[in-house]
$ cat data.cif   # mmCIF, C-alpha atoms and all ligand atoms
data_data
loop_
_atom_site.label_atom_id
_atom_site.label_comp_id
_atom_site.auth_asym_id
_atom_site.auth_seq_id
_atom_site.Cartn_x
_atom_site.Cartn_y
_atom_site.Cartn_z
CA MET A 77 123.31 89.48 68.62
CA LYS A 78 126.65 88.05 69.65
CA SER A 79 127.36 91.24 71.65
CA ILE A 80 124.03 91.01 73.48
CA ILE A 81 124.77 87.44 74.46
CA GLY A 82 128.20 88.60 75.60
CA LEU A 83 126.63 91.37 77.68
CA ALA A 84 124.23 88.90 79.27
CA ALA A 85 127.13 86.61 80.09
CA VAL A 86 129.05 89.45 81.74
CA ALA A 87 125.97 90.43 83.79
CA ALA A 88 125.41 86.83 84.84
CA LEU A 89 129.08 86.57 85.79
CA SER A 90 128.98 89.70 87.94
CA ILE A 91 125.92 88.39 89.82
CA SER A 92 127.40 84.97 90.44
CA SER A 93 130.75 86.41 91.50
CA ALA A 94 129.10 88.72 94.07
CA HIS A 95 129.94 87.42 97.52
CA ALA A 96 127.39 86.95 100.21
CA THR A 97 127.28 89.51 102.98
CA THR A 98 125.82 88.81 106.40
CA ILE A 99 124.57 91.24 109.01
CA TYR A 100 124.03 90.07 112.58
CA THR A 101 121.01 91.78 114.16
CA THR A 102 122.06 91.26 117.77
CA SER A 103 122.73 93.72 120.59
CA GLY A 104 126.45 92.95 120.45
CA SER A 105 126.71 92.98 116.65
CA SER A 106 129.88 94.50 115.20
CA ASP A 107 127.71 95.52 112.21
CA LEU A 108 125.53 97.80 114.39
CA VAL A 109 126.19 101.47 113.61
CA SER A 110 123.41 103.18 115.58
CA ASN A 111 120.17 102.45 117.40
CA ASN A 112 117.71 105.23 118.19
CA GLY A 113 115.04 103.00 119.74
CA SER A 114 112.69 103.00 116.74
CA SER A 115 115.26 101.81 114.20
CA GLN A 116 118.64 100.09 114.13
CA VAL A 117 121.24 100.89 111.48
CA TYR A 118 123.69 98.18 110.42
CA GLU A 119 126.53 98.36 107.88
CA ASP A 120 128.67 95.71 106.28
CA ASP A 121 130.60 95.49 102.99
CA GLY A 122 129.55 99.04 102.08
CA VAL A 123 125.83 98.26 102.33
CA THR A 124 123.68 99.95 104.97
CA MET A 125 120.57 98.21 106.30
CA THR A 126 118.02 99.96 108.51
CA LEU A 127 115.85 97.67 110.62
CA SER A 128 112.53 99.05 111.87
CA ALA A 129 109.20 97.47 112.78
CA GLY A 130 105.53 97.54 111.95
CA LEU A 131 102.29 95.67 112.45
CA PHE A 132 100.15 94.26 109.65
CA THR A 133 96.56 93.29 109.12
CA ASP A 134 96.06 89.69 108.02
CA THR A 135 92.73 89.29 106.30
CA PRO A 136 91.26 85.77 106.28
CA VAL A 137 90.40 84.12 102.95
CA THR A 138 91.73 86.89 100.71
CA GLY A 139 95.16 86.89 102.31
CA ASP A 140 95.38 90.68 102.05
CA ALA A 141 98.10 92.09 104.28
CA VAL A 142 98.59 95.79 104.95
CA VAL A 143 101.73 96.88 106.78
CA THR A 144 101.69 99.97 109.00
CA PRO A 145 105.26 100.91 109.98
CA GLY A 146 105.57 102.01 113.61
CA GLN A 147 101.92 101.23 114.42
CA TYR A 148 101.23 101.36 118.20
CA GLY A 149 104.87 102.29 118.67
CA ALA A 150 106.10 99.06 117.06
CA ARG A 151 109.88 99.00 117.38
CA PRO A 152 112.71 96.51 117.10
CA ILE A 153 114.65 95.50 120.20
CA ALA A 154 118.07 93.92 119.82
CA TYR A 155 118.98 91.22 122.34
CA SER A 156 122.12 89.12 122.34
CA PRO A 157 120.31 86.16 120.65
CA GLY A 158 118.64 88.37 118.03
CA THR A 159 116.14 91.14 117.38
CA GLY A 160 112.49 90.99 118.44
CA ILE A 161 109.62 93.47 118.13
CA THR A 162 107.56 95.10 120.83
CA HIS A 163 104.67 97.59 120.73
CA ASN A 164 102.25 99.30 123.10
CA GLN A 165 99.03 97.46 122.18
CA ASN A 166 98.96 94.31 124.30
CA ASP A 167 102.10 92.80 122.76
CA GLY A 168 102.20 89.01 122.99
CA GLN A 169 105.94 88.68 123.54
CA HIS A 170 109.16 90.59 122.99
CA LEU A 171 109.84 88.33 120.05
CA VAL A 172 108.52 88.79 116.53
CA ASP A 173 105.16 87.20 117.20
CA GLY A 174 101.75 87.04 115.58
CA TYR A 175 99.41 87.92 118.42
CA PHE A 176 99.23 91.28 116.71
CA PRO A 177 100.97 90.34 113.44
CA GLU A 178 104.43 91.94 113.59
CA VAL A 179 106.93 92.52 110.82
CA ALA A 180 110.63 93.43 110.88
CA ILE A 181 111.18 95.99 108.11
CA LEU A 182 114.56 95.86 106.34
CA SER A 183 115.52 98.88 104.24
CA PHE A 184 118.76 98.72 102.22
CA ASP A 185 120.57 101.67 100.61
CA LYS A 186 121.49 99.50 97.62
CA THR A 187 119.61 96.90 95.59
CA VAL A 188 120.25 93.48 97.09
CA GLN A 189 119.05 89.93 96.82
CA LEU A 190 118.01 88.70 100.24
CA THR A 191 119.43 85.18 100.30
CA GLY A 192 118.64 83.92 103.78
CA ALA A 193 117.81 84.57 107.42
CA LEU A 194 118.79 83.00 110.72
CA PHE A 195 115.97 82.70 113.24
CA THR A 196 116.38 82.04 116.97
CA TYR A 197 113.88 81.14 119.73
CA VAL A 198 112.27 78.82 117.19
CA ASP A 199 109.96 76.04 118.33
CA THR A 200 107.64 73.53 116.66
CA TYR A 201 105.78 74.74 113.56
CA ASP A 202 106.99 78.33 113.73
CA THR A 203 106.40 80.11 110.46
CA PHE A 204 107.16 83.46 108.87
CA ASP A 205 105.73 85.72 106.17
CA LEU A 206 107.88 87.51 103.58
CA PHE A 207 107.17 90.99 102.25
CA ILE A 208 108.88 92.97 99.49
CA ASP A 209 108.29 96.36 97.90
CA SER A 210 108.04 94.87 94.42
CA ASN A 211 106.96 98.07 92.61
CA ASN A 212 109.25 100.51 94.50
CA ASP A 213 106.44 102.69 95.89
CA GLY A 214 107.73 102.39 99.46
CA ILE A 215 104.87 100.07 100.50
CA LEU A 216 105.47 96.42 101.32
CA GLU A 217 103.50 93.65 99.65
CA ARG A 218 103.28 90.20 101.21
CA VAL A 219 104.69 87.69 98.73
CA PHE A 220 104.94 84.51 100.84
CA GLU A 221 102.88 83.44 103.79
CA ASN A 222 103.42 80.84 106.51
CA LEU A 223 106.79 79.65 105.27
CA SER A 224 108.16 76.97 107.53
CA MET A 225 111.59 76.80 109.11
CA PRO A 226 113.67 73.92 110.46
CA ASN A 227 112.46 72.76 113.85
CA ASN A 228 115.62 73.84 115.68
CA SER A 229 115.95 76.60 118.27
CA THR A 230 118.36 78.25 115.80
CA ALA A 231 117.13 77.86 112.24
CA PHE A 232 118.63 79.13 108.98
CA VAL A 233 116.29 79.43 105.99
CA ASP A 234 117.73 79.79 102.49
CA PHE A 235 115.83 82.38 100.37
CA LEU A 236 117.94 81.98 97.22
CA SER A 237 115.24 80.20 95.19
CA LEU A 238 112.66 82.87 96.15
CA ASN A 239 114.53 85.52 94.11
CA LEU A 240 113.92 88.36 96.58
CA VAL A 241 115.54 91.32 94.81
CA GLY A 242 114.90 94.89 95.94
CA LYS A 243 115.70 97.49 98.58
CA LEU A 244 112.80 97.12 101.01
CA PHE A 245 111.77 93.82 102.63
CA GLY A 246 109.75 92.59 105.56
CA ILE A 247 109.95 89.39 107.60
CA GLY A 248 107.01 88.92 109.92
CA THR A 249 104.53 86.47 111.32
CA SER A 250 100.87 86.04 112.12
CA SER A 251 99.26 83.42 114.33
CA TYR A 252 95.77 82.58 113.20
CA SER A 253 94.84 79.02 112.36
CA TYR A 254 92.87 80.03 109.27
CA ASN A 255 96.03 81.25 107.56
CA CYS A 256 96.78 77.92 105.90
CA ARG A 257 97.29 79.09 102.37
CA MET A 258 100.89 78.95 101.23
CA THR A 259 103.91 77.23 102.70
CA MET A 260 107.38 76.41 101.51
CA HIS A 261 107.35 72.78 102.65
CA GLY A 262 103.76 71.61 102.31
CA GLN A 263 100.64 72.58 104.17
CA LYS A 264 101.24 73.93 107.66
CA CYS A 265 99.14 76.34 109.66
CA ASP A 266 100.61 78.79 112.13
CA SER A 267 98.14 77.94 114.88
CA TYR A 268 101.05 77.22 117.24
CA SER A 269 101.56 80.85 118.20
CA SER A 270 104.52 81.50 115.95
CA ALA A 271 107.24 83.58 117.61
CA TRP A 272 110.98 84.01 116.98
CA LYS A 273 113.88 86.45 116.90
CA LEU A 274 115.90 87.48 113.88
CA LYS A 275 119.61 86.91 114.36
CA LYS A 276 121.26 87.22 110.94
CA LEU A 277 120.44 88.30 107.40
CA ALA A 278 122.33 87.15 104.33
CA PHE A 279 122.23 89.10 101.08
CA GLU A 280 124.16 89.90 97.91
CA GLU A 281 124.46 93.27 96.28
CA VAL A 282 123.07 93.19 92.73
CA PRO A 283 123.48 95.67 89.84
CA ASP A 284 121.00 98.55 90.18
CA VAL A 285 119.71 98.27 86.61
CA PRO A 286 118.25 94.81 85.93
CA LEU A 287 119.25 93.29 82.60
CA PRO A 288 115.80 93.54 80.95
CA ALA A 289 115.86 97.30 81.65
CA ALA A 290 119.48 97.64 80.47
CA LEU A 291 118.86 95.95 77.10
CA PRO A 292 116.88 98.83 75.49
CA LEU A 293 119.67 101.23 76.53
CA PHE A 294 122.20 98.88 74.96
CA MET A 295 120.13 98.65 71.75
CA ALA A 296 119.87 102.46 71.67
CA GLY A 297 123.65 102.55 71.95
CA LEU A 298 124.00 100.17 68.99
CA ALA A 299 121.60 102.31 66.90
CA GLY A 300 123.69 105.36 67.78
CA PHE A 301 126.83 103.62 66.55
CA GLY A 302 125.12 102.74 63.27
CA PHE A 303 124.07 106.34 62.73
CA ALA A 304 127.57 107.63 63.47
CA SER A 305 129.26 105.25 61.05
CA ARG A 306 126.79 106.05 58.24
CA LYS A 307 127.45 109.75 58.76
CA LYS A 308 131.20 109.18 58.48
CA GLN A 309 130.81 107.35 55.17
CA ALA A 310 128.66 110.13 53.67
CA CA B 1 106.25 91.06 119.97
CA CA B 2 105.07 98.31 96.87
#
$ encode --input "data.cif" --output "structure tokens"
Amino acid sequence: MKSIIGLAAVAALSISSAHATTIYTTSGSSDLVSNNGSSQVYEDDGVTMTLSAGLFTDTPVTGDAVVTPGQYGARPIAYSPGTGITHNQNDGQHLVDGYFPEVAILSFDKTVQLTGALFTYVDTYDTFDLFIDSNNDGILERVFENLSMPNNSTAFVDFLSLNLVGKLFGIGTSSYSYNCRMTMHGQKCDSYSSAWKLKKLAFEEVPDVPLPAALPLFMAGLAGFGFASRKKQA
């Protein structure tokens, strides 16, 4: 039991000692590796992040959200203040906006904890929705809706307490007044035509095998040791 506690302590230590990495999603970003028009590839600290775009349905009452990557040619566009999304179906603005609900799709090559995002072009009551592929089937699920952000033109939002761990995430927005279900700072509806650009993402690399999954392997290892030592005695 002592060893298991020790193992847990080591794992906790390695998570807390991981340093935060930031990727700037701007046209002049030094993290930008390539941009083929439908996706942008960024790299920093040995982690590669691919940013693409999609639209999503936003069903009233139930809150169901279905993301379709690349729908109507949805694509990210990097500007110097940040990345927006445009598409070919009557796009509201070249920001990430909710006229047709748009989502920036972030795909990492390693497991990370998304710890924050910097938004630009923010105005009063702008909100965002968070998506994550929680069961690793390649399809995003919406996990938070209408989260608020500071009412500054440049607004950083800390995600640390949301525990967003995975490889595939989405940050998007919708703009219908009936979507008043879940907010980070009290009840707010996104009836103010939410629209913003994404300027920076902060994340930390985390061990690929979560501790609960690693424990059975560790126990199997202990059992193996026991068997070996009994054999030696015999
Ligand atoms: Ca747009
Ligand atoms: Ca999924």
$ closest_residue --input "data.cif" --among "A:Tyr100, A:Val198, A:Ala231, A:Leu190" --to "Ser156 (chain A)" --atoms "only C-alpha atoms"
A:Tyr100
$ residues_near_point --input "data.cif" --point "(109.4, 92.4, 98.3)" --cutoff "6 Å" --atoms "only C-alpha atoms" --output "PyMOL selection string"
chain A and resi 207-210+245
$ residues_near_ligand --input "data.cif" --ligand "ligand CA 2 (chain B)" --cutoff "7 Å" --atoms "all atoms listed in the file" --output "JSON, numbers by chain"
{"A": [209, 210, 211, 212, 213, 214, 215, 216, 217]}
$ write_last_selection --input "data.cif" --atoms "C-alpha atoms" --output "short mmCIF file (atom, residue, chain, number, x, y, z; two decimals), in the frame of the given file"
data_model
loop_
_atom_site.label_atom_id
_atom_site.label_comp_id
_atom_site.auth_asym_id
_atom_site.auth_seq_id
_atom_site.Cartn_x
_atom_site.Cartn_y
_atom_site.Cartn_z
CA ASP A 209 108.29 96.36 97.90
CA SER A 210 108.04 94.87 94.42
CA ASN A 211 106.96 98.07 92.61
CA ASN A 212 109.25 100.51 94.50
CA ASP A 213 106.44 102.69 95.89
CA GLY A 214 107.73 102.39 99.46
CA ILE A 215 104.87 100.07 100.50
CA LEU A 216 105.47 96.42 101.32
CA GLU A 217 103.50 93.65 99.65
#
$ residues_near_ligand --input "data.cif" --ligand "ligand CA 1 (chain B)" --cutoff "6 Å" --atoms "all atoms listed in the file" --output "VMD selection string"
chain A and resid 161 to 162 167 to 173
$ closest_residue --input "data.cif" --among "A:Asn166, A:Ala193, A:Phe220, A:Phe204" --to "Thr98 (chain A)" --atoms "all atoms listed in the file"
A:Ala193
$ residues_around --input "data.cif" --residues "Met125 (chain A)" --least-positions-apart "5" --cutoff "12 Å" --atoms "all atoms listed in the file" --output "PyMOL selection string"
chain A and resi 97-101+107-111+115-120+180-188+190+243-245+276-279+281
$ residues_near_point --input "data.cif" --point "(99.8, 101.7, 107.6)" --cutoff "9 Å" --atoms "only C-alpha atoms" --output "VMD selection string"
chain A and resid 130 to 132 142 to 147 215
$ atom_distance --input "data.cif" --atom1 "CA of Asp199 (chain A)" --atom2 "CA of Asn227 (chain A)"
6.1 Å
$ residues_around --input "data.cif" --residues "region 151-153 of chain A" --least-positions-apart "4" --cutoff "6 Å" --atoms "only C-alpha atoms" --output "PyMOL selection string"
chain A and resi 114+128-129+159-162
$ atom_distance --input "data.cif" --atom1 "CA of Trp272 (chain A)" --atom2 "CA of Tyr175 (chain A)"
12.3 Å
$ atom_distance --input "data.cif" --atom1 "CA of Pro283 (chain A)" --atom2 "CA of His95 (chain A)"
13.0 Å
$ decode --input "data.cif" --residues "region 93-181 of chain A" --atoms "C-alpha atoms" --output "short mmCIF file (atom, residue, chain, number, x, y, z; two decimals), in the first residue's frame"
data_model
loop_
_atom_site.label_atom_id
_atom_site.label_comp_id
_atom_site.auth_asym_id
_atom_site.auth_seq_id
_atom_site.Cartn_x
_atom_site.Cartn_y
_atom_site.Cartn_z
CA SER A 93 5.84 20.13 -12.21
CA ALA A 94 4.71 20.20 -15.87
CA HIS A 95 5.12 23.73 -17.15
CA ALA A 96 2.45 25.56 -19.03
CA THR A 97 2.86 25.89 -22.77
CA THR A 98 1.19 28.59 -24.81
CA ILE A 99 0.47 28.68 -28.52
CA TYR A 100 -0.43 31.97 -30.19
CA THR A 101 -3.01 31.46 -32.95
CA THR A 102 -2.22 34.63 -34.87
CA SER A 103 -1.08 35.21 -38.45
CA GLY A 104 2.36 36.29 -37.23
CA SER A 105 2.73 33.53 -34.63
CA SER A 106 6.21 32.05 -34.25
CA ASP A 107 4.43 28.79 -33.28
CA LEU A 108 2.78 28.49 -36.74
CA VAL A 109 4.31 25.64 -38.74
CA SER A 110 1.96 25.46 -41.73
CA ASN A 111 -1.42 26.68 -42.94
CA ASN A 112 -3.18 25.00 -45.85
CA GLY A 113 -6.33 27.11 -45.71
CA SER A 114 -8.53 24.49 -44.03
CA SER A 115 -6.25 23.87 -41.05
CA GLN A 116 -3.37 25.56 -39.26
CA VAL A 117 -0.58 23.56 -37.63
CA TYR A 118 1.20 25.00 -34.59
CA GLU A 119 4.08 23.54 -32.56
CA ASP A 120 5.58 24.49 -29.24
CA ASP A 121 7.50 22.57 -26.55
CA GLY A 122 7.34 19.39 -28.64
CA VAL A 123 3.54 19.41 -28.83
CA THR A 124 1.77 19.85 -32.16
CA MET A 125 -1.70 21.40 -32.29
CA THR A 126 -3.83 21.41 -35.44
CA LEU A 127 -6.54 24.07 -35.56
CA SER A 128 -9.48 23.48 -37.91
CA ALA A 129 -13.11 24.59 -37.90
CA GLY A 130 -16.63 23.27 -37.96
CA LEU A 131 -20.24 24.27 -37.45
CA PHE A 132 -22.57 22.76 -34.87
CA THR A 133 -26.27 22.36 -34.35
CA ASP A 134 -27.56 23.82 -31.11
CA THR A 135 -30.84 22.22 -30.16
CA PRO A 136 -33.10 24.25 -27.85
CA VAL A 137 -34.23 22.73 -24.53
CA THR A 138 -32.22 19.52 -24.80
CA GLY A 139 -28.93 21.31 -25.36
CA ASP A 140 -27.82 18.67 -27.86
CA ALA A 141 -24.91 19.87 -29.97
CA VAL A 142 -23.59 18.03 -33.01
CA VAL A 143 -20.33 19.23 -34.55
CA THR A 144 -19.71 18.82 -38.28
CA PRO A 145 -16.05 19.56 -39.08
CA GLY A 146 -15.60 21.56 -42.28
CA GLN A 147 -19.34 22.00 -42.83
CA TYR A 148 -20.10 24.56 -45.60
CA GLY A 149 -16.36 24.96 -46.03
CA ALA A 150 -15.87 26.12 -42.43
CA ARG A 151 -12.23 27.07 -42.03
CA PRO A 152 -10.05 29.02 -39.61
CA ILE A 153 -8.49 32.30 -40.70
CA ALA A 154 -5.53 33.68 -38.79
CA TYR A 155 -5.36 37.45 -38.42
CA SER A 156 -2.80 39.40 -36.43
CA PRO A 157 -5.20 39.77 -33.44
CA GLY A 158 -6.24 36.10 -33.50
CA THR A 159 -8.00 33.36 -35.43
CA GLY A 160 -11.60 33.57 -36.60
CA ILE A 161 -13.80 31.21 -38.61
CA THR A 162 -15.50 31.74 -41.93
CA HIS A 163 -17.72 29.52 -44.09
CA ASN A 164 -19.73 29.69 -47.30
CA GLN A 165 -23.26 29.64 -45.85
CA ASN A 166 -24.14 33.25 -45.04
CA ASP A 167 -21.40 33.68 -42.43
CA GLY A 168 -22.20 36.34 -39.85
CA GLN A 169 -18.66 37.64 -39.42
CA HIS A 170 -15.07 36.57 -39.92
CA LEU A 171 -14.85 36.03 -36.19
CA VAL A 172 -15.92 32.90 -34.34
CA ASP A 173 -19.58 33.83 -34.16
CA GLY A 174 -22.88 32.13 -33.47
CA TYR A 175 -25.04 33.21 -36.38
CA PHE A 176 -24.36 29.72 -37.67
CA PRO A 177 -22.80 28.26 -34.50
CA GLU A 178 -19.07 27.94 -35.22
CA VAL A 179 -16.42 25.98 -33.37
CA ALA A 180 -12.62 26.10 -33.50
CA ILE A 181 -11.40 22.49 -33.37
#
